file target-v4.cif (mmCIF, C-alpha atoms and all ligand atoms)
data_protein
loop_
_atom_site.label_atom_id
_atom_site.label_comp_id
_atom_site.auth_asym_id
_atom_site.auth_seq_id
_atom_site.Cartn_x
_atom_site.Cartn_y
_atom_site.Cartn_z
CA MET A 1 0.00 0.00 0.00
CA ALA A 2 1.27 3.45 -0.94
CA ASN A 3 2.41 6.11 1.48
CA LEU A 4 -0.12 8.88 1.61
CA ILE A 5 1.17 12.37 0.73
CA ASP A 6 -0.71 14.56 3.19
CA GLY A 7 -1.26 17.86 1.42
CA LYS A 8 -3.31 19.24 4.27
CA LEU A 9 -0.44 18.70 6.72
CA ILE A 10 2.28 19.96 4.36
CA SER A 11 0.21 23.04 3.40
CA THR A 12 -0.31 23.85 7.09
CA GLN A 13 3.45 23.58 7.71
CA ILE A 14 4.09 25.97 4.81
CA LYS A 15 1.41 28.40 6.00
CA ASP A 16 2.87 28.37 9.52
CA GLU A 17 6.33 29.18 8.11
CA LEU A 18 4.79 32.00 6.07
CA LYS A 19 2.87 33.34 9.06
CA GLU A 20 6.17 33.74 10.88
CA GLU A 21 7.82 35.43 7.89
CA ALA A 22 4.86 37.79 7.49
CA ALA A 23 5.09 38.72 11.19
CA GLN A 24 8.83 39.47 10.81
CA LEU A 25 8.11 41.63 7.77
CA LYS A 26 5.36 43.43 9.65
CA ALA A 27 7.84 44.20 12.43
CA LYS A 28 9.92 45.94 9.74
CA GLY A 29 6.88 47.94 8.67
CA ILE A 30 5.93 45.86 5.64
CA GLU A 31 2.26 44.94 5.42
CA GLY A 32 0.90 42.40 2.97
CA CYS A 33 -2.22 43.10 0.94
CA LEU A 34 -3.79 40.79 -1.62
CA ALA A 35 -6.59 42.10 -3.87
CA VAL A 36 -8.98 39.28 -4.76
CA ILE A 37 -11.35 39.89 -7.69
CA GLN A 38 -14.32 37.68 -8.52
CA VAL A 39 -16.65 38.48 -11.41
CA GLY A 40 -20.05 36.77 -11.16
CA SER A 41 -21.03 34.18 -8.59
CA ASP A 42 -19.88 30.79 -9.85
CA PRO A 43 -20.27 28.62 -6.71
CA ALA A 44 -16.91 26.82 -7.09
CA SER A 45 -15.12 30.16 -7.57
CA SER A 46 -16.86 31.54 -4.47
CA VAL A 47 -15.50 28.63 -2.40
CA TYR A 48 -11.95 29.15 -3.73
CA VAL A 49 -12.11 32.90 -3.14
CA ARG A 50 -13.41 32.45 0.40
CA ASN A 51 -10.59 29.98 1.16
CA LYS A 52 -7.99 32.36 -0.27
CA LYS A 53 -9.25 35.20 1.90
CA ARG A 54 -9.25 32.91 4.96
CA ALA A 55 -5.64 31.92 4.24
CA CYS A 56 -4.69 35.61 4.11
CA GLU A 57 -6.30 36.12 7.49
CA TYR A 58 -4.43 33.09 8.92
CA ILE A 59 -1.06 34.36 7.71
CA GLY A 60 -1.64 37.99 8.60
CA ILE A 61 -2.02 39.45 5.13
CA ARG A 62 -4.81 41.94 4.50
CA SER A 63 -7.19 40.98 1.71
CA LEU A 64 -9.25 43.37 -0.37
CA SER A 65 -12.35 41.80 -1.80
CA TYR A 66 -13.89 42.84 -5.13
CA GLU A 67 -17.06 40.88 -5.79
CA LEU A 68 -18.23 42.26 -9.13
CA PRO A 69 -21.51 41.51 -10.92
CA GLU A 70 -21.62 39.12 -13.89
CA GLU A 71 -22.40 42.08 -16.21
CA THR A 72 -19.12 43.86 -15.39
CA THR A 73 -17.50 44.95 -18.65
CA GLU A 74 -13.96 44.18 -19.73
CA ALA A 75 -13.20 47.93 -19.62
CA GLU A 76 -14.43 48.22 -16.03
CA LEU A 77 -12.34 45.24 -14.95
CA LEU A 78 -9.27 46.64 -16.74
CA GLU A 79 -9.82 49.95 -14.99
CA LEU A 80 -9.92 48.25 -11.56
CA ILE A 81 -6.74 46.32 -12.33
CA GLY A 82 -5.06 49.56 -13.44
CA LYS A 83 -5.95 51.16 -10.12
CA LEU A 84 -4.68 48.17 -8.11
CA ASN A 85 -1.46 48.09 -10.17
CA ALA A 86 -0.84 51.72 -9.21
CA ASP A 87 -1.77 51.28 -5.53
CA LYS A 88 1.51 50.93 -3.58
CA SER A 89 -0.27 49.33 -0.60
CA VAL A 90 -1.34 46.34 -2.75
CA ASN A 91 1.37 43.72 -3.35
CA GLY A 92 -0.70 40.98 -4.96
CA ILE A 93 -3.61 40.92 -7.42
CA LEU A 94 -5.64 37.82 -8.14
CA CYS A 95 -8.53 37.61 -10.58
CA GLN A 96 -10.39 34.35 -10.06
CA LEU A 97 -10.91 32.34 -13.27
CA PRO A 98 -13.01 31.50 -15.19
CA LEU A 99 -14.30 34.95 -16.15
CA PRO A 100 -17.66 35.48 -17.87
CA LYS A 101 -17.53 34.78 -21.61
CA HIS A 102 -17.78 38.46 -22.67
CA ILE A 103 -14.43 39.19 -20.97
CA ASP A 104 -11.15 38.22 -22.66
CA GLU A 105 -9.24 36.33 -19.96
CA ASP A 106 -5.88 36.72 -21.66
CA LYS A 107 -6.31 40.50 -21.79
CA ILE A 108 -7.12 40.61 -18.07
CA ILE A 109 -4.23 38.36 -17.04
CA ASP A 110 -1.88 40.41 -19.19
CA ALA A 111 -3.06 43.64 -17.52
CA ILE A 112 -1.93 42.56 -14.03
CA ALA A 113 1.51 44.04 -13.26
CA PRO A 114 4.04 41.15 -13.31
CA GLN A 115 5.40 42.22 -9.89
CA LYS A 116 1.88 41.72 -8.44
CA ASP A 117 0.93 38.61 -10.45
CA VAL A 118 0.87 36.21 -7.49
CA ASP A 119 -1.02 33.62 -9.59
CA GLY A 120 1.97 33.44 -11.94
CA PHE A 121 -0.33 33.42 -14.99
CA SER A 122 0.93 36.44 -16.94
CA PRO A 123 3.00 35.90 -20.10
CA GLN A 124 5.94 37.56 -18.37
CA SER A 125 5.73 35.25 -15.32
CA VAL A 126 5.39 32.19 -17.59
CA GLY A 127 8.34 33.30 -19.74
CA ALA A 128 10.52 33.88 -16.67
CA MET A 129 9.65 30.42 -15.34
CA VAL A 130 10.53 28.74 -18.65
CA ILE A 131 13.99 30.33 -18.84
CA GLY A 132 14.65 30.00 -15.09
CA LYS A 133 14.54 33.72 -14.24
CA PRO A 134 13.02 35.04 -11.01
CA GLY A 135 9.26 35.50 -11.01
CA PHE A 136 6.11 34.14 -9.45
CA LEU A 137 5.52 30.43 -10.08
CA PRO A 138 1.98 29.21 -10.82
CA CYS A 139 0.55 27.96 -7.55
CA THR A 140 -0.72 24.46 -8.30
CA PRO A 141 2.42 23.18 -10.09
CA ALA A 142 4.65 24.86 -7.48
CA GLY A 143 2.56 23.12 -4.82
CA VAL A 144 3.16 19.73 -6.44
CA ILE A 145 6.93 20.34 -6.39
CA GLN A 146 6.69 21.17 -2.67
CA LEU A 147 4.67 18.00 -2.00
CA LEU A 148 7.38 15.90 -3.68
CA LYS A 149 10.31 17.68 -2.01
CA ARG A 150 8.81 17.72 1.46
CA SER A 151 8.02 14.00 1.11
CA ASN A 152 11.73 13.41 0.26
CA ILE A 153 10.89 12.05 -3.18
CA ASP A 154 13.83 12.37 -5.61
CA ILE A 155 12.91 14.05 -8.88
CA GLU A 156 16.28 14.27 -10.64
CA GLY A 157 16.66 11.76 -13.46
CA LYS A 158 13.17 10.29 -12.93
CA ASN A 159 10.74 9.62 -15.76
CA CYS A 160 7.89 12.04 -15.15
CA VAL A 161 4.69 11.83 -17.16
CA VAL A 162 2.31 14.81 -16.95
CA VAL A 163 -1.20 14.06 -18.22
CA GLY A 164 -2.86 17.32 -19.32
CA ARG A 165 -1.52 20.41 -21.08
CA SER A 166 -3.51 23.34 -19.67
CA ASN A 167 -1.81 26.71 -19.26
CA ILE A 168 -2.58 26.68 -15.52
CA VAL A 169 -1.37 23.17 -14.65
CA GLY A 170 -0.05 20.80 -17.33
CA LYS A 171 2.37 23.05 -19.21
CA PRO A 172 3.92 24.81 -16.18
CA MET A 173 4.01 21.49 -14.31
CA ALA A 174 6.12 19.98 -17.09
CA MET A 175 8.46 22.99 -17.02
CA LEU A 176 8.94 22.85 -13.25
CA MET A 177 9.69 19.10 -13.35
CA LEU A 178 12.20 19.80 -16.12
CA ARG A 179 13.80 22.46 -13.90
CA GLU A 180 14.16 19.75 -11.25
CA ASN A 181 16.00 17.60 -13.83
CA ALA A 182 13.28 15.02 -14.44
CA THR A 183 12.87 13.53 -17.91
CA VAL A 184 9.44 14.84 -18.79
CA THR A 185 6.72 13.60 -21.14
CA VAL A 186 3.52 15.61 -21.59
CA CYS A 187 0.39 13.68 -22.63
CA HIS A 188 -2.97 15.03 -23.80
CA SER A 189 -6.21 14.04 -25.49
CA ARG A 190 -4.47 13.19 -28.79
CA THR A 191 -1.72 11.06 -27.22
CA LYS A 192 -1.57 7.60 -28.77
CA ASP A 193 -1.68 4.78 -26.23
CA LEU A 194 -1.83 6.91 -23.10
CA LYS A 195 -1.74 3.77 -20.97
CA ALA A 196 1.60 2.65 -22.40
CA VAL A 197 3.15 6.09 -21.83
CA CYS A 198 1.81 6.45 -18.28
CA SER A 199 3.06 2.96 -17.42
CA GLN A 200 6.64 4.20 -17.95
CA ALA A 201 6.31 6.94 -15.33
CA ASP A 202 8.29 6.95 -12.08
CA ILE A 203 6.28 10.06 -11.22
CA LEU A 204 2.80 10.32 -12.76
CA ILE A 205 1.09 13.71 -12.47
CA VAL A 206 -2.53 13.67 -13.57
CA ALA A 207 -4.40 16.84 -14.51
CA ILE A 208 -6.73 15.48 -17.15
CA GLY A 209 -10.04 16.81 -15.80
CA LYS A 210 -11.92 13.48 -16.01
CA PRO A 211 -13.16 11.86 -12.80
CA LEU A 212 -11.50 8.55 -11.83
CA TYR A 213 -9.94 8.20 -15.31
CA ILE A 214 -6.60 6.72 -14.26
CA ASP A 215 -6.79 3.20 -12.79
CA SER A 216 -4.01 0.79 -11.82
CA SER A 217 -3.54 -0.38 -15.42
CA TYR A 218 -1.94 3.05 -16.16
CA VAL A 219 0.47 2.86 -13.25
CA LYS A 220 3.91 1.25 -12.94
CA ASP A 221 4.57 -0.74 -9.76
CA GLY A 222 6.02 1.61 -7.15
CA ALA A 223 5.26 4.82 -9.05
CA VAL A 224 4.57 8.13 -7.32
CA VAL A 225 1.06 9.30 -8.30
CA ILE A 226 -0.04 12.93 -7.97
CA ASP A 227 -3.71 13.69 -8.63
CA VAL A 228 -4.51 17.31 -9.52
CA GLY A 229 -8.16 16.64 -10.43
CA ILE A 230 -11.14 17.54 -8.29
CA HIS A 231 -14.70 16.47 -9.07
CA ARG A 232 -17.89 15.34 -7.38
CA ASP A 233 -18.92 11.74 -8.02
CA GLU A 234 -22.51 10.50 -8.40
CA ASN A 235 -22.88 10.48 -4.59
CA ASN A 236 -21.67 14.09 -4.40
CA LYS A 237 -18.41 12.90 -2.83
CA LEU A 238 -15.15 14.60 -3.86
CA CYS A 239 -12.89 12.54 -6.11
CA GLY A 240 -9.91 13.11 -8.37
CA ASP A 241 -8.79 12.11 -11.86
CA VAL A 242 -7.22 9.00 -10.32
CA ASN A 243 -9.16 6.00 -9.02
CA PHE A 244 -7.47 6.14 -5.62
CA ASP A 245 -8.71 2.79 -4.24
CA ASP A 246 -7.53 0.93 -7.33
CA VAL A 247 -4.18 2.74 -7.72
CA ALA A 248 -3.02 3.10 -4.09
CA PRO A 249 -1.98 -0.57 -3.59
CA LYS A 250 0.32 -0.33 -6.65
CA ALA A 251 1.89 3.09 -5.98
CA SER A 252 4.77 3.94 -3.62
CA TYR A 253 3.31 7.39 -2.84
CA ILE A 254 -0.07 8.88 -3.71
CA THR A 255 -2.01 12.09 -3.05
CA PRO A 256 -5.62 11.77 -1.88
CA VAL A 257 -8.55 13.92 -3.04
CA PRO A 258 -9.46 15.91 -1.03
CA GLY A 259 -6.39 16.70 1.09
CA GLY A 260 -3.67 16.27 -1.54
CA VAL A 261 -2.80 18.91 -4.12
CA GLY A 262 -5.83 21.15 -3.39
CA PRO A 263 -4.64 22.79 -0.15
CA MET A 264 -1.18 23.32 -1.66
CA THR A 265 -2.47 25.75 -4.30
CA ILE A 266 -3.53 28.23 -1.64
CA ALA A 267 -0.36 27.70 0.42
CA MET A 268 1.74 28.57 -2.65
CA LEU A 269 -0.43 31.60 -3.37
CA MET A 270 0.38 32.77 0.15
CA SER A 271 4.06 32.02 -0.50
CA ASN A 272 3.94 34.25 -3.59
CA CYS A 273 2.26 36.99 -1.55
CA VAL A 274 5.03 36.84 1.07
CA GLU A 275 7.67 36.88 -1.72
CA SER A 276 5.98 40.00 -3.09
CA MET A 277 6.09 41.62 0.36
CA LYS A 278 9.83 40.87 0.61
CA LYS A 279 10.44 42.77 -2.62
CA SER A 280 9.31 45.96 -0.92
CA LEU A 281 12.06 45.56 1.72
N1 LIG B 1 -9.29 29.12 -11.26
C1 LIG B 1 -8.92 27.83 -11.03
N2 LIG B 1 -7.71 27.81 -10.42
C2 LIG B 1 -7.33 29.10 -10.27
C3 LIG B 1 -6.18 29.71 -9.70
O1 LIG B 1 -5.25 29.08 -9.22
N3 LIG B 1 -6.17 31.07 -9.73
C4 LIG B 1 -7.18 31.80 -10.28
N4 LIG B 1 -7.06 33.13 -10.27
N5 LIG B 1 -8.25 31.26 -10.81
C5 LIG B 1 -8.32 29.91 -10.80
#

call {"tool": "encode", "arguments": {"input": "target-v4.cif", "output": "structure tokens", "more": "lines below"}}
Ligand code: GUN
result
Amino acid sequence: MANLIDGKLISTQIKDELKEEAAQLKAKGIEGCLAVIQVGSDPASSVYVRNKKRACEYIGIRSLSYELPEETTEAELLELIGKLNADKSVNGILCQLPLPKHIDEDKIIDAIAPQKDVDGFSPQSVGAMVIGKPGFLPCTPAGVIQLLKRSNIDIEGKNCVVVGRSNIVGKPMAMLMLRENATVTVCHSRTKDLKAVCSQADILIVAIGKPLYIDSSYVKDGAVVIDVGIHRDENNKLCGDVNFDDVAPKASYITPVPGGVGPMTIAMLMSNCVESMKKSL
């Protein structure tokens, strides 16, 4: 049976470290402030936004909340971001995705000043990550790296297969594993014989967006399995992209859902906020 990678525990350790750092910065007169923007009232987004604001409170970072109506125009949102970019008391800006269809997400992400882009989504942040320059790392992939490192799992030289190629998870995940000297393969919906490719993975990272898609037939004996998916099953219970009960006996390490990757995303957002505060030292 696999060792469980406890994302809840590891994220709490990280948040406690950050709380201490934030207190030290505060003693030097540096206050943290994260602006959180939500457009519309998508229920899943509301949960994420609430948890992000709670994490700020826990760490001792002020959060500014902008809950805008669904009808907000692109111009209005751009104007708000412009104001927050110029506001010296704000060191992080987060616009919860997805945005309503009449707003161009790329335009909004691009408008956030790179030095306040604590989500790490802007083209400048992504470019810096790819060439190994300083910048904010996207939170979910950075959280996966922390889960592996803090569980003492070696990455260097390992065969890593990333399933999924989204801009938020798959692509940056592959880049960060490459930075850690893994040999990385990225799979997607057009990959031929996904099972055969996944079966070669020492570290299998699944962000495919399909509930319970990966069963033990995709997994090499002793592999490390990281599940980025989050869904509700037919009984309204949370589940991931990986069939945990089937895969766990075959894996050496595995993340559960909930309590695996999920809590790490917010911990790494807080880490980016504290990094941003340090830059005003
Ligand atoms: N929507 C889903 N995940 C995220 C995230 O990490 N940040 C933002 N801003 N929106 C999201």

call {"tool": "closest_residue", "arguments": {"input": "target-v4.cif", "among": "A:Leu99, A:Cys33, A:Ala207, A:Val242", "to": "ligand LIG 1 (chain B)", "atoms": "all atoms listed in the file"}}
result
A:Leu99

call {"tool": "atom_distance", "arguments": {"input": "target-v4.cif", "atom1": "atom CA of Tyr213 of chain A", "atom2": "atom CA of Gly262 of chain A"}}
result
18.1 Å

call {"tool": "closest_atom_pairs", "arguments": {"input": "target-v4.cif", "of": "chain A", "to": "ligand LIG 1 (chain B)", "cutoff": "7 Å", "atoms": "only C-alpha atoms and all ligand atoms", "output": "JSON lines"}}
result
{"residue": "A:Ser45", "atom": "CA", "partner": "B:LIG1", "partner_atom": "N1", "distance": 7.0}
{"residue": "A:Leu94", "atom": "CA", "partner": "B:LIG1", "partner_atom": "N4", "distance": 5.3}
{"residue": "A:Cys95", "atom": "CA", "partner": "B:LIG1", "partner_atom": "N4", "distance": 4.7}
{"residue": "A:Gln96", "atom": "CA", "partner": "B:LIG1", "partner_atom": "N4", "distance": 3.6}
{"residue": "A:Leu97", "atom": "CA", "partner": "B:LIG1", "partner_atom": "N5", "distance": 3.8}
{"residue": "A:Pro98", "atom": "CA", "partner": "B:LIG1", "partner_atom": "N1", "distance": 5.9}
{"residue": "A:Asp119", "atom": "CA", "partner": "B:LIG1", "partner_atom": "N3", "distance": 5.7}
{"residue": "A:Cys139", "atom": "CA", "partner": "B:LIG1", "partner_atom": "O1", "distance": 6.1}
{"residue": "A:Thr140", "atom": "CA", "partner": "B:LIG1", "partner_atom": "O1", "distance": 6.5}
{"residue": "A:Thr265", "atom": "CA", "partner": "B:LIG1", "partner_atom": "O1", "distance": 6.6}

call {"tool": "atom_distance", "arguments": {"input": "target-v4.cif", "atom1": "atom CA of Val261 of chain A", "atom2": "atom CA of Ser276 of chain A"}}
result
22.9 Å

call {"tool": "residues_around", "arguments": {"input": "target-v4.cif", "residues": "Thr183 of chain A", "least_positions_apart": "3", "cutoff": "9 Å", "atoms": "all atoms listed in the file", "output": "PyMOL selection string"}}
result
chain A and resi 156-161+177-178

call {"tool": "atom_distance", "arguments": {"input": "target-v4.cif", "atom1": "atom CA of Glu70 of chain A", "atom2": "atom CA of Ala44 of chain A"}}
result
14.8 Å

call {"tool": "residues_around", "arguments": {"input": "target-v4.cif", "residues": "Asp202 of chain A", "least_positions_apart": "3", "cutoff": "10 Å", "atoms": "all atoms listed in the file", "output": "list in words"}}
result
Ile155, Gly157, Lys158, Asn159, Cys160, Val161, Ala182, Thr183, Cys198, Ser199, Ile205, Val219, Lys220, Asp221, Gly222, Ala223, Val224, Val225, Ala251 and Ser252 of chain A

call {"tool": "residues_around", "arguments": {"input": "target-v4.cif", "residues": "Asp106 of chain A", "least_positions_apart": "3", "cutoff": "10 Å", "atoms": "only C-alpha atoms", "output": "PyMOL selection string"}}
result
chain A and resi 103+109-111+121-123

call {"tool": "closest_residue", "arguments": {"input": "target-v4.cif", "among": "A:Pro138, A:Gly7, A:Gly132, A:Pro263", "to": "Asp117 of chain A", "atoms": "all atoms listed in the file"}}
result
A:Pro138

call {"tool": "closest_residue", "arguments": {"input": "target-v4.cif", "among": "A:Lys278, A:Ile10, A:Arg179, A:Lys210", "to": "Lys133 of chain A", "atoms": "all atoms listed in the file"}}
result
A:Arg179

call {"tool": "residues_around", "arguments": {"input": "target-v4.cif", "residues": "Asp233 of chain A", "least_positions_apart": "6", "cutoff": "10 Å", "atoms": "all atoms listed in the file", "output": "ChimeraX atom specification"}}
result
/A:211-212,239-240

call {"tool": "closest_residue", "arguments": {"input": "target-v4.cif", "among": "A:Val162, A:Asn236, A:Arg150, A:Cys273", "to": "Gln200 of chain A", "atoms": "only C-alpha atoms"}}
result
A:Val162

call {"tool": "axis_aligned_box", "arguments": {"input": "target-v4.cif", "around": "segment 212-219 of chain A", "padding_each_side": "8 Å", "output": "lines of an AutoDock Vina configuration file"}}
result
center_x = -5.5
center_y = 4.1
center_z = -14.0
size_x = 28.0
size_y = 24.9
size_z = 20.3

call {"tool": "closest_residue", "arguments": {"input": "target-v4.cif", "among": "A:Glu275, A:Ile37, A:Cys56, A:Asp215", "to": "Pro249 of chain A", "atoms": "only C-alpha atoms"}}
result
A:Asp215

call {"tool": "build_atoms", "arguments": {"input": "target-v4.cif", "residues": "segment 14-37 of chain A", "atoms": "N, CA, C and O atoms", "output": "short mmCIF file (atom, residue, chain, number, x, y, z; two decimals), keeping the file's coordinate frame"}}
result
data_model
loop_
_atom_site.label_atom_id
_atom_site.label_comp_id
_atom_site.auth_asym_id
_atom_site.auth_seq_id
_atom_site.Cartn_x
_atom_site.Cartn_y
_atom_site.Cartn_z
N ILE A 14 3.65 24.84 5.64
CA ILE A 14 4.09 25.97 4.81
C ILE A 14 3.42 27.26 5.30
O ILE A 14 4.07 28.30 5.46
N LYS A 15 2.12 27.19 5.57
CA LYS A 15 1.41 28.40 6.00
C LYS A 15 1.95 28.90 7.35
O LYS A 15 2.04 30.10 7.58
N ASP A 16 2.31 27.95 8.22
CA ASP A 16 2.87 28.37 9.52
C ASP A 16 4.23 29.05 9.33
O ASP A 16 4.54 30.03 10.01
N GLU A 17 5.04 28.53 8.41
CA GLU A 17 6.33 29.18 8.11
C GLU A 17 6.09 30.60 7.57
O GLU A 17 6.77 31.55 7.93
N LEU A 18 5.09 30.70 6.69
CA LEU A 18 4.79 32.00 6.07
C LEU A 18 4.24 33.00 7.08
O LEU A 18 4.54 34.19 7.01
N LYS A 19 3.46 32.48 8.03
CA LYS A 19 2.87 33.34 9.06
C LYS A 19 4.00 34.02 9.86
O LYS A 19 3.96 35.21 10.14
N GLU A 20 5.04 33.21 10.14
CA GLU A 20 6.17 33.74 10.88
C GLU A 20 6.92 34.79 10.05
O GLU A 20 7.27 35.86 10.55
N GLU A 21 7.13 34.47 8.78
CA GLU A 21 7.82 35.43 7.89
C GLU A 21 7.04 36.73 7.77
O GLU A 21 7.62 37.82 7.80
N ALA A 22 5.71 36.59 7.64
CA ALA A 22 4.86 37.79 7.49
C ALA A 22 4.94 38.64 8.75
O ALA A 22 4.98 39.88 8.68
N ALA A 23 5.00 37.98 9.93
CA ALA A 23 5.09 38.72 11.19
C ALA A 23 6.42 39.47 11.27
O ALA A 23 6.48 40.62 11.71
N GLN A 24 7.51 38.81 10.80
CA GLN A 24 8.83 39.47 10.81
C GLN A 24 8.83 40.68 9.88
O GLN A 24 9.41 41.72 10.18
N LEU A 25 8.17 40.52 8.72
CA LEU A 25 8.11 41.63 7.77
C LEU A 25 7.28 42.78 8.36
O LEU A 25 7.63 43.95 8.20
N LYS A 26 6.23 42.41 9.04
CA LYS A 26 5.36 43.43 9.65
C LYS A 26 6.15 44.24 10.68
O LYS A 26 6.01 45.46 10.76
N ALA A 27 7.02 43.52 11.43
CA ALA A 27 7.84 44.20 12.43
C ALA A 27 8.78 45.21 11.77
O ALA A 27 9.22 46.17 12.39
N LYS A 28 9.07 44.98 10.48
CA LYS A 28 9.92 45.94 9.74
C LYS A 28 9.07 46.97 9.01
O LYS A 28 9.56 47.69 8.13
N GLY A 29 7.77 46.94 9.26
CA GLY A 29 6.88 47.94 8.67
C GLY A 29 6.30 47.55 7.32
O GLY A 29 5.73 48.39 6.62
N ILE A 30 6.46 46.27 6.95
CA ILE A 30 5.93 45.86 5.64
C ILE A 30 4.66 45.05 5.82
O ILE A 30 4.66 43.97 6.41
N GLU A 31 3.57 45.60 5.31
CA GLU A 31 2.26 44.94 5.42
C GLU A 31 1.96 44.25 4.10
O GLU A 31 2.26 44.78 3.03
N GLY A 32 1.32 43.08 4.19
CA GLY A 32 0.90 42.40 2.97
C GLY A 32 -0.54 42.74 2.64
O GLY A 32 -1.35 42.92 3.54
N CYS A 33 -0.83 42.85 1.36
CA CYS A 33 -2.22 43.10 0.94
C CYS A 33 -2.48 42.44 -0.40
O CYS A 33 -1.83 42.74 -1.39
N LEU A 34 -3.41 41.49 -0.40
CA LEU A 34 -3.79 40.79 -1.62
C LEU A 34 -5.18 41.25 -2.06
O LEU A 34 -6.13 41.20 -1.28
N ALA A 35 -5.28 41.74 -3.30
CA ALA A 35 -6.59 42.10 -3.87
C ALA A 35 -7.16 40.89 -4.59
O ALA A 35 -6.50 40.31 -5.46
N VAL A 36 -8.35 40.47 -4.18
CA VAL A 36 -8.98 39.28 -4.76
C VAL A 36 -10.22 39.73 -5.54
O VAL A 36 -11.14 40.31 -4.96
N ILE A 37 -10.22 39.46 -6.84
CA ILE A 37 -11.35 39.89 -7.69
C ILE A 37 -12.13 38.66 -8.14
O ILE A 37 -11.55 37.69 -8.63
#
